[in-house]
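Q: My questions will all concern the structure given below.
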Amino acid sequence: MTHVCKQMLGDQQGANSNPRTVKQGHRNRLPVWLATMTVVGLAWAVFYVARNAGAFSPIVYEMGENPAEVRARVPRDDAMSPMHRGRKLYGTYCAACHQWHGRGIPEQFPPLAQSEWILAGGPNRVIRIVLHGMDGPVTVRGQEYNSPMLPWREVLNDEEIASVLTFVRCNKQWNHAAEPVTPEQVRQIRSLTADRASYWTAEELNSVPESD
Amino acid sequence: MLAVATCWLVVSVFAMALASIKLNAPEFLGTSCFLSYGRLQPAALNALVFGFCVPVGHAVAVWGLFAGTGAPLPRKDVMLTSWAVWNVGLLIGTIGILRGDGTGIEWLELPGYASRMLIVSVLIFAVWVLRSGWRGCNDWNDVRLWWCVGVLLLFPWIYGAALVGSVYAQVRGVLAAVTQAWFVQMLLVVWGGFFALGVLLSYSTGTGAQTLVSDRVARFAFWTLVLFGGVGAFQRLQGGPFPVWMIAVGNASAVLCLLPLCAVLISFRSMFGEQRAKGKTVGSRGIVVSALGFYGLALVLAAVSCFHSVGRVVQFTTYRQAIDMSLLIGFLVPSLLYAIHGIMQIDAGLRWSGQGLQRALFLTVAGGALIVAGLVIGGVVQGVGWNDPAVSVADVTRRTGKWLDMTAAGWVLVSCGIVWFAVQVCMLIAGGFRLILWPVARVWFQADIAEKEAGA
Amino acid sequence: MTSRYPFLLFFALAIAASWLVVVVWPHLQLGGLEPVTIEETGVVYPPIRSGEALVGAEIYRSLGCQYCHTRQVRPSTMGADIARGWGRRRTVARDYIRDQPPMLGSVRFGPDLANLGCRETNAAALLLRLYKPSAIVPLSTMPSYRHLFHVRPAPAGGSEWRNSLALRMNLSSDQGSEVIPRAEARALVSYLLSLKADELFLEAYPREDLQTTNSARGMDKARALP
């Protein structure tokens, strides 16, 4: 930078001594430092853009990524995975009330997405709800609901209940990442509560430990 | 004689336009909580930009083209028509915004029915410039002419393209925001840059001077500004829902915008050096320096916000407003006022009280400085607050509030300065009245009052 | 470049260059964005808004809500938007394809609204917020939109309005009267409740989401079990 200043000073001194000639010189010259900076700046810009622009792809939203990395983030699961089966079962049996988006219907059906019942430490309570249904007032995410949920113990087997609960507890669309439910857990609770014939209420369930 | 008279007529016409529309600026006083911020702010901004900056910019550029070369002004009826359509459209549009008809696209809020009038007016004007604007100026080596032509031709283009892109054709989703960013960037950085730099350049070289120092540097500044300034629009979209390449390209060009800034600065510096050598004092060097300072500040602020660590704090805060206001109030408005002053003085032969002008401009500049400082600091405070999840919304508001008060004080100062300036203009015109002008002037005074009412 | 025509040509080219890069290119790239079907739930995203919500969008625009509230969420690397609960992922261009104009906003004088419909499901709370912001956030700088409401003396037998604010708020100054939201207020609230940008799809998966790895691990475990 010092030589730049010197150069500019020189120009001005020249202007002081003989304005006419220097003016002529001025007209025809781009200062060297500016030209250098332009070249350096352009080179930097090309480098910067090449590095950060994500190959100009419309799907890259984060600095320095490439489209392949973005595609790699999409979770894939095979057709036999609990998540996949659970999704299908959810669509068949659950979505009518709790909706695909998992937010339920305000004042009628409670949400599953981000529900403290679903995301509890263990699946003990939700397994019971799915097996034997639920009735009476229940508070979910600060809102009170009061409509019965049917029992599914006759309709779904252990594996199916485990799948659908795994889907509900691990559904990334709802930002869920709880532990999955195993058929073993369902079998256990089914046998524990085999003699139950009535719906659960919230108080009853609250006395059941969340996890074993 | 004819030439001078025509020029004078046109110029005083536009000075009057300025005097009337500038009174919209006090609207800014009430932005805090008057009607409701959501309507008043866009109405005031549009009135300032489209009521004051754009028409006066055009007038000054026309003056620069013609008075600079001494050619008579052809077909001034056409131009006046366009000007009248413009103002009527703007008036309707401002009322429309206050009524809630704004388009919801920042800086382009004027509702469709009003902006169509503006477009018509601009088209008439552009045709007029293209048809007649070329005669009589042959010396295309003079960069100052480039600035003028740039000013005249750029606006119709960007305004038309922006309106078609965002308001009429209604591109999908975020693309309207992209178009809007491009428009604002072109308007403020490139158009404003052309204009104000051209003005500052020609006035600080002294009106008589035909040659310009550092022609190469000025050309360099011109072309780099057009290229990088426009693409730098992406930088406004930082943090938004846009693919990263836009942001990367925007950041790169925002930094590259510092190149024309350097070129402009050295061009001015060597010019001042030469003037010092000739022993010629420059009347209002302070204003030139401060306006340039604001321009530089805005470009530097924009470039700095490209850094990740800075950007994550200042995105979506008043920092972005600070950049825009630095360009608008700090750079464009004083240059415009200065240009009006110069034109009236030279063409009309009217004498200003130098002190009065200085004070008015000083108030404006000081107000602008307060505004920008308040917005920058407020923006950083706001951003730090938002970025700390432990700080509640109310706390962020409270912390930012102090600095926004400072901004409001700045607006008060600016309005004082502008009112002062307007009073001087009125007094000058009253003092130097010619018979021909009286009926014309009366109409404008009425328009002025109507505008004020619209603003209130 | 001593004559006017080359100058004009170059000038037009220079402006056109920036226009092509800034406006036309994104348009070619993003203009054709289509709604996606979320594979896991079968929901088409972004959903079509109800007629009432569309009216509400017009009111949102005409009141100028976007001058104080943004509707864009930044990724967790760029600030605390997600930590503040304003969203669970950054917003992407596809979130806005049904918005005309998108009303992204540029300054946050108040919280971001991109996901208001996810964190607030109670219409009455939003109505109260519009009617008297300071009732919920003291010292709020948000203006009160009282012109969207009727205030009338409460009928003796209690209010028949389900959404009547009088039932829900205990404002001493409004005792004995009830506040009925006008159609505009209800439309605006229905629009606000429809503001959701939370579905995950191709470009929207967050980059460094610990929960993603968490759940992936969980899924592996589930698969490993018989």
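Starting from 1 in every chain, residues are counted up; chains themselves are A, B, ... following the order of the structure tokens, and ligands are numbered from 1 as listed.
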Determine, counting only C-alpha atoms, which protein, DNA and RNA residues have an atom within 10 Å of an atom of Val24 of chain C; residues of the same chain fewer than 6 positions away are not included. Present the result as a compact mmCIF listing (two decimals) with N, CA and C atoms, in the first residue's frame.

A:
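Once written, result22.txt looks like this:
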# COMPACT_ATOMS: atom_id res chain seq x y z
N GLY B 165 -41.35 -7.73 -13.68
CA GLY B 165 -40.91 -8.96 -13.04
C GLY B 165 -41.60 -9.23 -11.72
N LEU B 175 -39.02 -15.35 -6.41
CA LEU B 175 -38.41 -14.63 -7.52
C LEU B 175 -38.80 -13.16 -7.49
N VAL B 178 -36.24 -11.57 -5.59
CA VAL B 178 -34.98 -11.42 -6.33
C VAL B 178 -35.07 -10.19 -7.22
N THR B 179 -36.18 -10.07 -7.93
CA THR B 179 -36.34 -8.92 -8.81
C THR B 179 -36.30 -7.63 -8.03
N ALA C 16 -27.82 -5.31 -19.14
CA ALA C 16 -28.46 -6.59 -19.45
C ALA C 16 -27.71 -7.72 -18.78
N ALA C 17 -26.40 -7.61 -18.70
CA ALA C 17 -25.62 -8.67 -18.06
C ALA C 17 -26.07 -8.84 -16.62
N SER C 18 -26.16 -7.74 -15.90
CA SER C 18 -26.54 -7.88 -14.50
C SER C 18 -27.98 -8.34 -14.38
N LEU C 30 -35.44 -21.38 -10.74
CA LEU C 30 -36.43 -21.58 -9.69
C LEU C 30 -37.86 -21.38 -10.15
N GLY C 31 -38.01 -20.80 -11.34
CA GLY C 31 -39.36 -20.47 -11.78
C GLY C 31 -40.22 -21.70 -11.96

Q: Can I get the residues of chain B within 6 Å of chain C, each with the closest pair of atoms and their distance in Å to one decimal, using only C-alpha atoms, sorted chain first then ascending number, as a tab-separated table?

A:
residue	atom	partner	partner_atom	distance
B:Gly38	CA	C:Gly64	CA	3.9
B:Arg39	CA	C:Gly64	CA	5.7
B:Gly100	CA	C:Ser62	CA	4.3
B:Asp101	CA	C:Ser62	CA	5.9
B:Gly104	CA	C:Arg61	CA	5.3
B:Trp140	CA	C:Thr2	CA	5.0
B:Asn141	CA	C:Thr2	CA	5.8
B:Arg172	CA	C:Ile97	CA	5.6
B:Gly173	CA	C:Ile97	CA	4.3
B:Val174	CA	C:Pro102	CA	5.8
B:Thr179	CA	C:Val23	CA	5.7
B:Gly230	CA	C:Ser18	CA	5.3
B:Val231	CA	C:Ser18	CA	5.3
B:Gly239	CA	C:Arg74	CA	5.7
B:Gly240	CA	C:Gln72	CA	5.9
B:Pro241	CA	C:Val92	CA	4.1
B:Phe242	CA	C:Ala93	CA	5.8
B:Arg312	CA	C:Met78	CA	4.8
B:Phe316	CA	C:Val107	CA	4.4
B:Thr317	CA	C:Val107	CA	4.8
B:Asn387	CA	C:Ala80	CA	4.6
B:Pro389	CA	C:Arg84	CA	5.2

Q: Restrict the selected residues to C-alpha atoms and save them as a compact mmCIF listing (two decimals), in the first residue's frame.

A:
# COMPACT_ATOMS: atom_id res chain seq x y z
CA GLY B 38 -46.47 -0.95 8.03
CA ARG B 39 -48.18 1.56 5.80
CA GLY B 100 -53.52 -0.42 2.16
CA ASP B 101 -53.19 -1.08 -1.54
CA GLY B 104 -46.14 -5.71 -0.49
CA TRP B 140 -18.43 11.40 -25.91
CA ASN B 141 -15.06 11.42 -24.33
CA ARG B 172 -43.55 -17.28 -8.55
CA GLY B 173 -42.63 -17.04 -4.94
CA VAL B 174 -39.21 -15.81 -4.02
CA THR B 179 -36.34 -8.92 -8.81
CA GLY B 230 -25.94 -4.86 -10.23
CA VAL B 231 -24.86 -8.39 -9.46
CA GLY B 239 -29.82 -15.65 4.75
CA GLY B 240 -32.99 -15.89 2.73
CA PRO B 241 -34.46 -18.91 1.01
CA PHE B 242 -32.18 -18.78 -1.99
CA ARG B 312 -24.97 -14.00 11.02
CA PHE B 316 -32.51 -9.24 9.08
CA THR B 317 -31.71 -6.31 11.32
CA ASN B 387 -28.90 -14.59 18.05
CA PRO B 389 -31.96 -17.58 22.36

Q: Smallest atom-to-atom distance to Gln185 of chain A: which of A:His98, A:Arg125, A:His132, A:Arg87, using only C-alpha atoms?

A: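 Result for the nearest residue to Gln185 of chain A: A:Arg125.
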
Q: Residues at most 9 Å from Arg190 of chain A, counting only C-alpha atoms, excluding those fewer than 6 positions away in the same chain, as an MDAnalysis selection string?

A: chainID A and resid 127:128 131 153 158

Q: Write the residues you've just listed into a file as a PDB file, in the first residue's frame, and include N, CA and C atoms for each of them.

A:
ATOM      1  N   ILE A 127     -47.979 -47.671  23.910  1.00  0.00           N
ATOM      2  CA  ILE A 127     -48.363 -49.045  23.538  1.00  0.00           C
ATOM      3  C   ILE A 127     -49.701 -49.375  24.174  1.00  0.00           C
ATOM      4  N   ARG A 128     -49.864 -49.007  25.436  1.00  0.00           N
ATOM      5  CA  ARG A 128     -51.137 -49.264  26.123  1.00  0.00           C
ATOM      6  C   ARG A 128     -52.281 -48.529  25.428  1.00  0.00           C
ATOM      7  N   LEU A 131     -53.151 -50.313  22.254  1.00  0.00           N
ATOM      8  CA  LEU A 131     -53.785 -51.612  22.485  1.00  0.00           C
ATOM      9  C   LEU A 131     -55.245 -51.477  22.925  1.00  0.00           C
ATOM     10  N   ARG A 153     -56.243 -53.604  19.663  1.00  0.00           N
ATOM     11  CA  ARG A 153     -55.597 -54.873  20.002  1.00  0.00           C
ATOM     12  C   ARG A 153     -56.077 -56.025  19.123  1.00  0.00           C
ATOM     13  N   ASP A 158     -48.622 -57.590  17.146  1.00  0.00           N
ATOM     14  CA  ASP A 158     -47.534 -56.930  17.865  1.00  0.00           C
ATOM     15  C   ASP A 158     -46.575 -56.218  16.928  1.00  0.00           C
TER      16      ASP A 158
END

Q: Counting only C-alpha atoms, which residues from chain A have an atom at most 6 Å from any atom of chain C, and could you show them as a PyMOL selection string?

A: chain A and resi 59+100+173+177+179

Q: Print the selection's residues with N, CA and C atoms to a file, as a tab-separated table (two decimals), in the first residue's frame.

A:
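Saved as part_0.tsv:
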chain	number	residue	atom	x	y	z
A	59	ILE	N	-30.50	-26.81	-5.60
A	59	ILE	CA	-30.86	-27.52	-4.38
A	59	ILE	C	-29.83	-27.32	-3.28
A	100	TRP	N	-52.15	-36.69	8.46
A	100	TRP	CA	-50.81	-37.01	7.97
A	100	TRP	C	-49.78	-36.08	8.58
A	173	GLN	N	-40.19	-36.09	9.76
A	173	GLN	CA	-41.04	-34.99	9.34
A	173	GLN	C	-41.57	-34.23	10.54
A	177	ALA	N	-37.21	-38.13	17.15
A	177	ALA	CA	-36.05	-39.01	17.10
A	177	ALA	C	-36.00	-39.84	18.38
A	179	GLU	N	-36.53	-43.40	20.65
A	179	GLU	CA	-36.12	-44.78	20.41
A	179	GLU	C	-37.25	-45.53	19.73

Q: Between A:Pro106, A:Pro183, A:Pro67, A:Pro31, which has the minimum distance to Ser147 of chain A (counting only C-alpha atoms)?

A: A:Pro106

Q: To one decimal in Å, tell me the separation between atom CA of Pro148 of chain A and atom CA of Tyr199 of chain A.

A: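 Atom CA of Pro148 of chain A sits 8.3 Å away from atom CA of Tyr199 of chain A.
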
Q: Extract the full set of strand (DSSP E or B) residues from segment 3-215 of chain C according to DSSP on the backbone, and format it as a short mmCIF file (atom, residue, chain, number, x, y, z; two decimals) with N, CA and C atoms, in the first residue's frame.

A:
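Written file, part19.cif:
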data_model
loop_
_atom_site.label_atom_id
_atom_site.label_comp_id
_atom_site.auth_asym_id
_atom_site.auth_seq_id
_atom_site.Cartn_x
_atom_site.Cartn_y
_atom_site.Cartn_z
N VAL C 36 -43.96 -30.48 -3.82
CA VAL C 36 -43.47 -31.85 -3.69
C VAL C 36 -44.49 -32.66 -2.90
N THR C 37 -44.49 -33.95 -3.17
CA THR C 37 -45.28 -34.85 -2.35
C THR C 37 -44.34 -35.44 -1.31
N VAL C 44 -49.05 -33.10 0.06
CA VAL C 44 -48.47 -32.25 -0.98
C VAL C 44 -48.06 -30.94 -0.34
N TYR C 45 -46.81 -30.60 -0.52
CA TYR C 45 -46.28 -29.41 0.13
C TYR C 45 -45.69 -28.48 -0.91
N PHE C 149 -61.50 -5.17 14.87
CA PHE C 149 -62.41 -5.76 15.85
C PHE C 149 -63.59 -4.83 16.11
N HIS C 150 -64.70 -5.45 16.50
CA HIS C 150 -65.86 -4.74 17.02
C HIS C 150 -65.76 -4.77 18.54
N VAL C 151 -66.06 -3.69 19.17
CA VAL C 151 -66.22 -3.77 20.62
C VAL C 151 -67.67 -3.40 20.90
N ARG C 152 -68.34 -4.23 21.63
CA ARG C 152 -69.74 -3.92 21.92
C ARG C 152 -70.05 -4.39 23.33
N PRO C 153 -71.09 -3.84 23.92
CA PRO C 153 -71.42 -4.26 25.29
C PRO C 153 -71.79 -5.73 25.31
N SER C 177 -67.75 -5.43 28.27
CA SER C 177 -67.95 -5.39 26.84
C SER C 177 -67.25 -6.59 26.25
N GLU C 178 -67.64 -6.92 25.05
CA GLU C 178 -66.95 -8.04 24.43
C GLU C 178 -66.37 -7.57 23.10
N VAL C 179 -65.32 -8.22 22.71
CA VAL C 179 -64.60 -7.82 21.52
C VAL C 179 -64.82 -8.89 20.48
N ILE C 180 -65.45 -8.50 19.39
CA ILE C 180 -65.76 -9.47 18.35
C ILE C 180 -64.81 -9.25 17.19
N PRO C 181 -64.08 -10.24 16.78
CA PRO C 181 -63.20 -10.05 15.62
C PRO C 181 -64.02 -9.90 14.35
#

Q: Give one line per residue of chain B that approaches chain A to at most 6 Å, naming the two atoms of the closest pair and their distance in Å to one decimal, counting only C-alpha atoms; sort by chain then ascending residue number and deliver it as a Markdown table.

A:
| residue | atom | partner | partner_atom | distance |
| --- | --- | --- | --- | --- |
| B:Ser214 | CA | A:Arg27 | CA | 4.6 |
| B:Asp215 | CA | A:Arg27 | CA | 4.8 |
| B:Arg216 | CA | A:Arg27 | CA | 5.8 |
| B:Val217 | CA | A:Leu30 | CA | 5.6 |
| B:Pro243 | CA | A:Tyr61 | CA | 4.6 |
| B:Val244 | CA | A:Tyr61 | CA | 4.6 |
| B:Trp245 | CA | A:Ala53 | CA | 3.9 |
| B:Ala248 | CA | A:Ala53 | CA | 5.5 |
| B:Val249 | CA | A:Val49 | CA | 5.9 |
| B:Ala252 | CA | A:Ala45 | CA | 5.2 |
| B:Gly273 | CA | A:Gln12 | CA | 5.8 |
| B:Glu274 | CA | A:Ala15 | CA | 5.9 |
| B:Ala277 | CA | A:Asn16 | CA | 4.9 |

Q: For those residues, write N, CA and C atoms to a file as a compact mmCIF listing (two decimals), in the first residue's frame.

A:
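Produced file out-v4.txt, reproduced below:
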# COMPACT_ATOMS: atom_id res chain seq x y z
N SER B 214 -8.25 12.22 -14.65
CA SER B 214 -8.33 10.77 -14.51
C SER B 214 -9.48 10.17 -15.27
N ASP B 215 -9.47 10.41 -16.53
CA ASP B 215 -10.53 9.90 -17.37
C ASP B 215 -10.60 8.39 -17.32
N ARG B 216 -9.48 7.76 -17.41
CA ARG B 216 -9.41 6.31 -17.37
C ARG B 216 -10.03 5.76 -16.10
N VAL B 217 -9.64 6.37 -15.02
CA VAL B 217 -10.13 5.89 -13.73
C VAL B 217 -11.64 6.02 -13.68
N PRO B 243 -30.89 -20.41 -3.22
CA PRO B 243 -29.75 -21.32 -3.39
C PRO B 243 -28.44 -20.59 -3.13
N VAL B 244 -27.47 -21.33 -2.68
CA VAL B 244 -26.28 -20.68 -2.16
C VAL B 244 -25.48 -19.99 -3.25
N TRP B 245 -25.64 -20.42 -4.48
CA TRP B 245 -24.80 -19.76 -5.49
C TRP B 245 -25.14 -18.29 -5.61
N ALA B 248 -23.31 -16.59 -2.86
CA ALA B 248 -21.86 -16.55 -3.09
C ALA B 248 -21.52 -15.50 -4.14
N VAL B 249 -22.27 -15.51 -5.23
CA VAL B 249 -22.01 -14.52 -6.28
C VAL B 249 -22.22 -13.12 -5.73
N ALA B 252 -19.33 -12.08 -3.51
CA ALA B 252 -18.15 -11.75 -4.31
C ALA B 252 -18.31 -10.38 -4.94
N GLY B 273 -6.57 17.53 -5.53
CA GLY B 273 -5.16 17.90 -5.58
C GLY B 273 -4.91 18.94 -6.64
N GLU B 274 -5.52 18.70 -7.78
CA GLU B 274 -5.28 19.64 -8.88
C GLU B 274 -5.86 21.01 -8.56
N ALA B 277 -3.72 22.81 -6.46
CA ALA B 277 -2.57 23.30 -7.19
C ALA B 277 -2.90 24.59 -7.92

Q: Tell me which protein, DNA and RNA residues are within 7 Å of segment 121-127 of chain B, counting only C-alpha atoms, leaving out same-chain ones fewer than 2 positions away, and put them as a PyMOL selection string.

A: chain B and resi 79+82-83+85-86+117-119+129-131+153+156

Q: Quick one: pick out all alpha helix (DSSP H) residues within segment 88-329 of chain B from a backbone DSSP run and write them as an NGL selection string.

A: :B and (88-99 or 112-132 or 143-163 or 175-185 or 192-204 or 215-224 or 230-231 or 244-256 or 258-278 or 285-304 or 308-314 or 318-325)

Q: If I take atom CA of Thr400 of chain B and atom CA of Gly378 of chain B, how far is one from the other in Å, to one decimal?

A: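 Computing the Euclidean distance for atom CA of Thr400 of chain B and atom CA of Gly378 of chain B yields 5.2 Å.
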
Q: Considering only C-alpha atoms, return as a ChimeraX atom specification whatever protein or nucleic-acid residues lie within 9 Å of Thr364 of chain B, sequence-local ones (same chain, fewer than 5 positions apart) excluded.

A: /B:329-330,333-334,359,369,410-411,413-418

Q: Filtering to C-alpha atoms, could you give me those residues as a JSON list (two decimals), in the first residue's frame?

A:
[["chain", "number", "residue", "atom", "x", "y", "z"],
["B", 329, "ILE", "CA", -30.08, 10.14, 2.82],
["B", 330, "GLY", "CA", -26.37, 10.43, 3.21],
["B", 333, "VAL", "CA", -30.27, 13.54, -1.09],
["B", 334, "PRO", "CA", -27.43, 15.95, -0.26],
["B", 359, "ARG", "CA", -26.46, 25.06, 7.39],
["B", 369, "ALA", "CA", -25.08, 10.47, 10.02],
["B", 410, "GLY", "CA", -31.64, 11.93, 12.83],
["B", 411, "TRP", "CA", -34.81, 12.08, 10.82],
["B", 413, "LEU", "CA", -32.61, 16.83, 11.85],
["B", 414, "VAL", "CA", -32.90, 15.85, 8.22],
["B", 415, "SER", "CA", -36.37, 17.24, 8.02],
["B", 416, "CYS", "CA", -35.21, 20.49, 9.58],
["B", 417, "GLY", "CA", -32.44, 20.72, 7.05],
["B", 418, "ILE", "CA", -34.74, 19.98, 4.20]]

Q: What gap, in Å, lies between atom CA of Tyr319 of chain B and atom CA of Ala44 of chain B?

A: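 Interatomic distance here is 19.3 Å.
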
Q: As a PyMOL selection string, please: the residues near Phe421 of chain B (cut-off 8 Å, only C-alpha atoms, same-chain neighbours under 3 positions excluded).

A: chain B and resi 356-357+360-361+417-418+424-425

Q: Residues within 10 Å of Gly121 of chain A, please, as JSON, numbers by chain. Count only C-alpha atoms; anything in the same chain fewer than 6 positions from it doesn't count.

A: {"A": [178, 179, 209, 210, 211, 212]}
